[in-house]
$ cat work_11.cif   # mmCIF, C-alpha atoms
data_structure
#
loop_
_atom_site.label_atom_id
_atom_site.label_comp_id
_atom_site.auth_asym_id
_atom_site.auth_seq_id
_atom_site.Cartn_x
_atom_site.Cartn_y
_atom_site.Cartn_z
CA MET A 1 13.07 10.27 44.56
CA ALA A 2 11.28 9.83 41.23
CA LYS A 3 13.30 12.67 39.73
CA ARG A 4 16.56 11.06 40.87
CA THR A 5 15.50 7.70 39.41
CA SER A 6 14.53 9.19 36.05
CA GLY A 7 17.79 11.14 35.97
CA ALA A 8 19.79 7.99 36.64
CA ILE A 9 17.92 6.11 33.92
CA LEU A 10 18.57 8.93 31.43
CA PHE A 11 22.26 8.89 32.34
CA LEU A 12 22.46 5.13 31.78
CA ILE A 13 20.71 5.42 28.42
CA LEU A 14 23.12 8.13 27.26
CA PHE A 15 26.10 6.17 28.59
CA PHE A 16 25.14 2.98 26.77
CA GLU A 17 24.38 4.92 23.58
CA PHE A 18 27.80 6.59 23.73
CA THR A 19 29.51 3.25 24.41
CA LEU A 20 27.65 1.56 21.54
CA ASN A 21 28.60 4.33 19.11
CA SER A 22 32.22 4.22 20.25
CA PHE A 23 32.49 0.51 19.53
CA SER A 24 30.41 0.56 16.36
CA ALA A 25 32.46 3.30 14.66
CA GLN A 26 35.27 0.96 13.66
CA VAL A 27 37.07 0.13 10.46
CA VAL A 28 38.55 -3.36 10.17
CA ILE A 29 41.02 -4.11 7.38
CA ILE A 30 41.02 -7.75 6.24
CA GLY A 31 43.41 -9.25 3.71
CA LYS A 32 46.40 -11.45 2.90
CA THR A 33 50.14 -11.00 2.35
CA LEU A 34 51.25 -12.75 -0.84
CA GLU A 35 54.69 -13.27 -2.39
CA GLU A 36 55.34 -11.69 -5.78
CA GLY A 37 55.57 -14.16 -8.66
CA THR A 38 54.43 -17.26 -6.78
CA ASN A 39 51.37 -15.67 -5.13
CA ARG A 40 52.28 -17.85 -2.15
CA PRO A 41 50.81 -16.74 1.21
CA ILE A 42 53.49 -15.73 3.70
CA GLY A 43 53.43 -14.68 7.34
CA LEU A 44 54.93 -11.23 7.89
CA ASP A 45 55.37 -8.63 10.59
CA PHE A 46 54.29 -5.24 9.32
CA GLN A 47 53.01 -1.94 10.57
CA LEU A 48 50.62 0.78 9.49
CA VAL A 49 51.79 4.33 10.21
CA THR A 50 49.76 7.54 10.06
CA LYS A 51 51.11 10.86 8.79
CA SER A 52 51.43 11.97 12.41
CA GLY A 53 53.64 8.96 13.17
CA LYS A 54 51.12 6.82 15.07
CA LYS A 55 51.99 3.13 14.54
CA VAL A 56 49.76 0.06 14.44
CA LYS A 57 51.66 -3.25 14.49
CA CYS A 58 50.26 -6.26 12.63
CA ARG A 59 51.18 -9.83 11.74
CA SER A 60 49.77 -12.05 9.02
CA ASN A 61 49.20 -15.79 9.50
CA SER A 62 52.06 -17.97 8.22
CA LYS A 63 49.66 -20.65 6.94
CA ASP A 64 47.40 -18.62 4.68
CA GLY A 65 48.83 -15.08 4.89
CA SER A 66 45.61 -13.72 6.36
CA PHE A 67 45.38 -10.77 8.73
CA GLN A 68 42.83 -8.40 10.19
CA GLN A 69 43.33 -5.20 12.12
CA ILE A 70 41.16 -2.47 13.64
CA LEU A 71 41.95 1.01 12.28
CA GLU A 72 40.68 4.51 12.94
CA PRO A 73 37.98 5.91 10.62
CA ALA A 74 38.92 8.75 8.22
CA GLU A 75 42.65 8.17 8.58
CA THR A 76 45.48 7.55 6.10
CA TYR A 77 47.98 4.80 6.90
CA TYR A 78 51.24 3.84 5.19
CA VAL A 79 52.27 0.20 5.30
CA SER A 80 55.80 -1.17 5.75
CA PHE A 81 57.03 -4.74 6.17
CA ASN A 82 59.84 -6.61 7.88
CA ASP A 83 62.33 -7.86 5.20
CA TYR A 84 59.79 -7.19 2.42
CA ILE A 85 58.37 -4.28 0.45
CA LEU A 86 55.27 -3.77 -1.67
CA SER A 87 55.80 -5.03 -5.23
CA TYR A 88 53.46 -2.49 -6.73
CA GLY A 89 50.66 -0.13 -5.86
CA ASN A 90 50.37 2.71 -3.39
CA SER A 91 51.41 2.02 0.20
CA ALA A 92 48.77 4.49 1.42
CA ILE A 93 45.47 3.19 2.75
CA THR A 94 42.74 5.70 3.56
CA THR A 95 39.93 4.41 5.74
CA PRO A 96 36.35 5.60 5.22
CA ASP A 97 34.75 8.15 7.51
CA ALA A 98 32.65 5.42 9.09
CA LYS A 99 29.92 6.03 11.64
CA THR A 100 29.31 2.30 12.06
CA TYR A 101 31.31 -0.92 11.80
CA VAL A 102 32.94 -1.23 8.35
CA GLU A 103 35.21 -3.89 6.83
CA ILE A 104 37.64 -3.14 4.00
CA ASN A 105 39.52 -5.78 2.01
CA HIS A 106 43.13 -5.22 0.99
CA ASP A 107 45.76 -7.78 -0.04
CA PHE A 108 49.48 -6.95 -0.14
CA VAL A 109 51.77 -8.43 -2.80
CA VAL A 110 55.35 -8.14 -1.57
CA LYS A 111 58.93 -8.88 -2.61
CA LYS A 112 62.11 -9.51 -0.64
CA VAL A 113 64.33 -6.59 0.38
CA VAL A 114 67.74 -6.93 -1.32
CA THR A 115 70.75 -4.70 -1.95
CA GLY A 116 70.04 -2.17 -4.69
CA LEU A 117 66.27 -2.32 -4.25
CA GLU A 118 64.64 1.00 -5.16
CA LEU A 119 62.30 2.21 -2.44
CA PHE A 120 61.30 5.63 -3.79
CA ASN A 121 62.01 7.77 -6.85
CA VAL A 122 60.22 11.03 -6.20
CA LYS A 123 60.25 14.81 -6.38
CA MET A 124 61.23 16.07 -2.93
CA PHE A 125 62.26 19.58 -4.03
CA ALA A 126 60.90 22.27 -6.32
CA PRO A 127 63.20 23.34 -9.21
CA ASN A 128 66.08 25.55 -8.03
CA GLN A 129 64.96 25.09 -4.40
CA SER A 130 66.59 23.27 -1.49
CA GLU A 131 63.67 23.23 0.97
CA LEU A 132 61.69 20.00 1.25
CA PHE A 133 58.19 19.86 -0.19
CA ASN A 134 55.93 19.84 2.88
CA GLY A 135 53.44 17.70 1.00
CA ASN A 136 56.03 14.99 0.36
CA THR A 137 57.60 14.61 3.78
CA TYR A 138 55.28 11.65 4.40
CA ILE A 139 57.69 9.73 2.13
CA LEU A 140 60.43 10.26 4.69
CA GLU A 141 58.07 9.01 7.39
CA GLU A 142 57.48 5.91 5.25
CA LEU A 143 61.24 5.52 5.00
CA LYS A 144 61.51 5.70 8.80
CA ALA A 145 58.84 3.02 9.15
CA PHE A 146 60.70 0.83 6.65
CA MET A 147 63.94 1.29 8.58
CA ASP A 148 62.20 0.46 11.87
CA LEU A 149 61.25 -2.97 10.54
CA ASN A 150 64.37 -3.54 8.44
CA ILE A 151 67.17 -2.78 10.88
CA LYS A 152 69.77 -4.52 8.68
CA ALA A 153 69.11 -2.22 5.72
CA GLU A 154 71.39 0.73 5.04
CA ILE A 155 69.97 3.45 2.81
CA VAL A 156 71.48 5.56 0.02
CA ILE A 157 69.69 8.77 -1.01
CA THR A 158 70.79 10.24 -4.34
CA ILE A 159 69.88 13.86 -5.06
CA SER A 160 69.80 15.09 -8.66
CA SER A 161 70.06 18.57 -10.15
CA ALA A 162 68.44 17.52 -13.44
CA ASP A 163 65.29 19.46 -12.57
CA SER A 164 67.10 22.78 -12.04
CA TRP A 165 69.09 25.41 -13.89
CA PHE A 166 70.93 28.64 -13.06
CA GLU A 167 72.30 31.15 -15.52
CA PRO A 168 76.01 31.92 -14.98
CA ILE A 169 76.56 34.90 -12.69
CA THR A 170 79.23 37.53 -13.34
CA LYS A 171 80.18 39.75 -10.44
CA LYS A 172 82.88 42.15 -9.32
CA GLU A 173 85.41 40.94 -6.78
CA LYS A 174 88.17 42.83 -5.01
CA ILE A 175 91.54 41.10 -4.65
CA LYS A 176 95.08 41.96 -3.58
CA ASP A 177 97.79 41.86 -6.23
CA LYS A 178 101.47 40.99 -5.69
CA LYS A 179 102.19 44.52 -4.57
CA ASN A 180 99.36 44.26 -2.02
CA LYS A 181 97.28 46.74 -3.95
CA THR A 182 93.54 46.26 -4.18
CA LYS A 183 92.09 45.82 -7.61
CA THR A 184 88.71 44.84 -8.95
CA ILE A 185 88.25 41.87 -11.26
CA MET A 186 85.23 40.23 -12.86
CA THR A 187 84.54 36.63 -11.80
CA THR A 188 81.98 34.16 -13.09
CA ILE A 189 80.04 31.62 -11.03
CA THR A 190 79.19 28.90 -13.50
CA SER A 191 75.91 27.02 -13.73
CA GLU A 192 77.71 23.86 -12.61
CA GLU A 193 79.05 25.54 -9.46
CA GLN A 194 75.60 26.84 -8.54
CA LEU A 195 73.97 23.46 -9.15
CA ASP A 196 76.61 21.73 -7.05
CA LYS A 197 75.85 24.09 -4.17
CA LEU A 198 72.13 23.42 -4.65
CA LEU A 199 72.79 19.70 -4.20
CA ASP A 200 74.76 20.37 -1.01
CA ASP A 201 71.88 22.49 0.31
CA ARG A 202 69.30 19.82 -0.57
CA ILE A 203 71.31 17.17 1.25
CA ALA A 204 71.59 19.52 4.24
CA SER A 205 67.78 19.81 4.30
CA LEU A 206 67.42 16.03 4.39
CA LYS A 207 70.03 15.70 7.13
CA LYS A 208 68.21 18.33 9.17
CA TYR A 209 64.98 16.32 8.84
CA PHE A 210 66.70 13.28 10.38
CA GLU A 211 68.95 15.14 12.85
CA ASN A 212 66.81 14.33 15.90
CA THR A 213 66.67 10.63 15.07
CA LYS A 214 70.25 9.38 15.20
CA ALA A 215 69.15 5.77 14.68
CA TYR A 216 68.06 6.67 11.15
CA GLU A 217 70.81 9.19 10.44
CA LYS A 218 73.61 6.66 11.03
CA ARG A 219 72.15 4.28 8.44
CA ILE A 220 71.64 6.86 5.68
CA SER A 221 74.31 8.03 3.25
CA TYR A 222 73.95 10.60 0.48
CA SER A 223 75.26 10.97 -3.05
CA LYS A 224 75.04 13.75 -5.61
CA ASP A 225 73.95 13.42 -9.23
CA LEU A 226 75.24 16.66 -10.73
CA VAL A 227 73.45 17.15 -14.04
CA VAL A 228 74.05 20.37 -15.96
CA ASN A 229 71.10 20.31 -18.27
CA LYS A 230 70.18 23.69 -19.71
CA PRO A 231 66.43 23.70 -20.37
CA ALA A 232 65.01 24.57 -23.74
CA LYS A 233 63.61 28.00 -24.49
CA SER A 234 59.92 28.39 -25.03
CA LYS A 235 58.69 31.34 -27.05
CA LYS A 236 55.48 32.95 -25.93
CA VAL A 237 53.90 35.06 -28.62
CA GLN A 238 52.42 38.29 -27.30
CA LYS A 239 50.28 40.50 -29.47
CA SER A 240 51.43 44.10 -29.61
CA LYS A 241 49.26 47.13 -30.07
CA ASN A 242 50.18 47.00 -33.73
CA LYS A 243 48.03 44.18 -35.11
CA ASN A 244 50.55 43.44 -37.85
CA LYS A 245 53.43 42.75 -35.42
CA ASN A 246 54.12 40.02 -32.89
CA GLN A 247 56.72 40.19 -30.15
CA ASP A 248 58.48 37.02 -29.03
CA SER A 249 59.15 36.70 -25.29
CA PRO A 250 61.43 33.69 -24.60
CA SER A 251 61.40 31.95 -21.20
CA LEU A 252 63.21 28.91 -19.82
CA VAL A 253 61.18 25.74 -19.35
CA ILE A 254 62.23 23.70 -16.29
CA PRO A 255 61.39 19.99 -16.67
CA ASN A 256 58.98 18.56 -14.10
CA ILE A 257 61.03 15.51 -13.15
CA VAL A 258 61.96 13.58 -10.01
CA ASN A 259 65.08 14.57 -8.09
CA THR A 260 65.34 12.14 -5.15
CA LYS A 261 66.09 8.43 -5.44
CA ILE A 262 66.14 6.23 -2.33
CA VAL A 263 67.57 2.70 -2.50
CA VAL A 264 68.79 -0.04 -0.20
CA GLY A 265 72.57 0.42 -0.20
CA ARG A 266 73.34 -2.87 1.48
CA ILE A 267 72.01 -5.43 3.94
CA LYS A 268 74.45 -5.67 6.83
CA ASN A 269 74.98 -8.67 9.08
CA LEU A 270 74.02 -8.14 12.71
#

$ encode --input "work_11.cif" --output "structure tokens"
Amino acid sequence: MAKRTSGAILFLILFFEFTLNSFSAQVVIIGKTLEEGTNRPIGLDFQLVTKSGKKVKCRSNSKDGSFQQILEPAETYYVSFNDYILSYGNSAITTPDAKTYVEINHDFVVKKVVTGLELFNVKMFAPNQSELFNGNTYILEELKAFMDLNIKAEIVITISSADSWFEPITKKEKIKDKKNKTKTIMTTITSEEQLDKLLDDRIASLKKYFENTKAYEKRISYSKDLVVNKPAKSKKVQKSKNKNKNQDSPSLVIPNIVNTKIVVGRIKNL
């Protein structure tokens, strides 16, 4: 009987310790939502979204703009607002790896969503590549969160080729002449043609990302910014075995610039 009693007591102690730790390991974000320019407190609906897509809905008080919300420790959240967007700063909030109760303070300064408003201007593709950067797909998740809260907003994504370059390609091609005889000619695929295809492939990658979410796909349109911008040549000097001679080895330098611009195309009436 004594053994059973002591076992039950030990179980209760462990249970209460586990429960206490579960409740104490919390991060609470406290702050205000303020209007750009006037610094006036405003009440807003907004949500915090993790990289995995988990959403936490919040609302700030209309009188003083204050809010508080429990978040998971050691997690990164991206904030999006209804009818508003952050005026400046990073939308990412990373909570500390807390073992106890922790409060973090964070105010949001926001501005109204209007037609033509730039949401992102980023590098979603590597030079000469059409596959999305895995490390930057969180931006598209932020865009989804924005569209969830701003259902009247239609989005335009402009893809640029300014970061890329292809040398013209000359190749042999067999054709039929007027007498139906086969002959071989030399054809050239210009840099412009290759860059235009690159833009088509980049847009196809973005469409594929949204293909399983028709609600987003219907509200997104795409445009191409075809820039034929041959990069400068950089000469690397390599020392030869002969100490008195240098050999120049030219290589093309691709500019490290953004290639994806996302804006609000229009605000439609519902």

$ residues_around --input "work_11.cif" --residues "Arg266 in chain A" --least-positions-apart "2" --cutoff "10 Å" --atoms "all atoms listed in the file" --output "ChimeraX atom specification"
/A:113-117,152-156,263-264,268-269

$ write_last_selection --input "work_11.cif" --atoms "C-alpha atoms" --output "CSV table (one decimal), in the coordinates of the input"
chain,number,residue,atom,x,y,z
A,113,VAL,CA,64.3,-6.6,0.4
A,114,VAL,CA,67.7,-6.9,-1.3
A,115,THR,CA,70.8,-4.7,-2.0
A,116,GLY,CA,70.0,-2.2,-4.7
A,117,LEU,CA,66.3,-2.3,-4.2
A,152,LYS,CA,69.8,-4.5,8.7
A,153,ALA,CA,69.1,-2.2,5.7
A,154,GLU,CA,71.4,0.7,5.0
A,155,ILE,CA,70.0,3.4,2.8
A,156,VAL,CA,71.5,5.6,0.0
A,263,VAL,CA,67.6,2.7,-2.5
A,264,VAL,CA,68.8,0.0,-0.2
A,268,LYS,CA,74.4,-5.7,6.8
A,269,ASN,CA,75.0,-8.7,9.1

$ resolve_selection --input "work_11.cif" --expression "the PyMOL selection byres ((chain A and resi 189) around 10)" --output "PyMOL selection string"
chain A and resi 166-171+187-188+190-194

$ resolve_selection --input "work_11.cif" --expression "the PyMOL selection byres ((chain A and resi 184) around 8)" --output "PDB file with C-alpha atoms, in the frame of the given file"
ATOM      1  CA  LYS A 172      82.880  42.150  -9.320  1.00  0.00           C
ATOM      2  CA  GLU A 173      85.410  40.940  -6.780  1.00  0.00           C
ATOM      3  CA  LYS A 174      88.170  42.830  -5.010  1.00  0.00           C
ATOM      4  CA  ILE A 175      91.540  41.100  -4.650  1.00  0.00           C
ATOM      5  CA  THR A 182      93.540  46.260  -4.180  1.00  0.00           C
ATOM      6  CA  LYS A 183      92.090  45.820  -7.610  1.00  0.00           C
ATOM      7  CA  ILE A 185      88.250  41.870 -11.260  1.00  0.00           C
ATOM      8  CA  MET A 186      85.230  40.230 -12.860  1.00  0.00           C
TER       9      MET A 186
END

$ closest_residue --input "work_11.cif" --among "A:Asn39, A:Ser205, A:Asn150, A:Thr158" --to "Asn134 in chain A" --atoms "all atoms listed in the file"
A:Ser205

$ residues_around --input "work_11.cif" --residues "Ile151 in chain A" --least-positions-apart "3" --cutoff "10 Å" --atoms "all atoms listed in the file" --output "list in words"
Asn82, Asp83, Phe146, Met147, Asp148, Glu154, Ala215, Tyr216, Arg219, Ile267, Lys268, Asn269 and Leu270 of chain A

$ atom_distance --input "work_11.cif" --atom1 "CA of Ala25 in chain A" --atom2 "CA of Lys54 in chain A"
19.0 Å

$ resolve_selection --input "work_11.cif" --expression "the PyMOL selection byres ((chain A and resi 160) around 6)" --output "ChimeraX atom specification"
/A:159,161-162,225,259
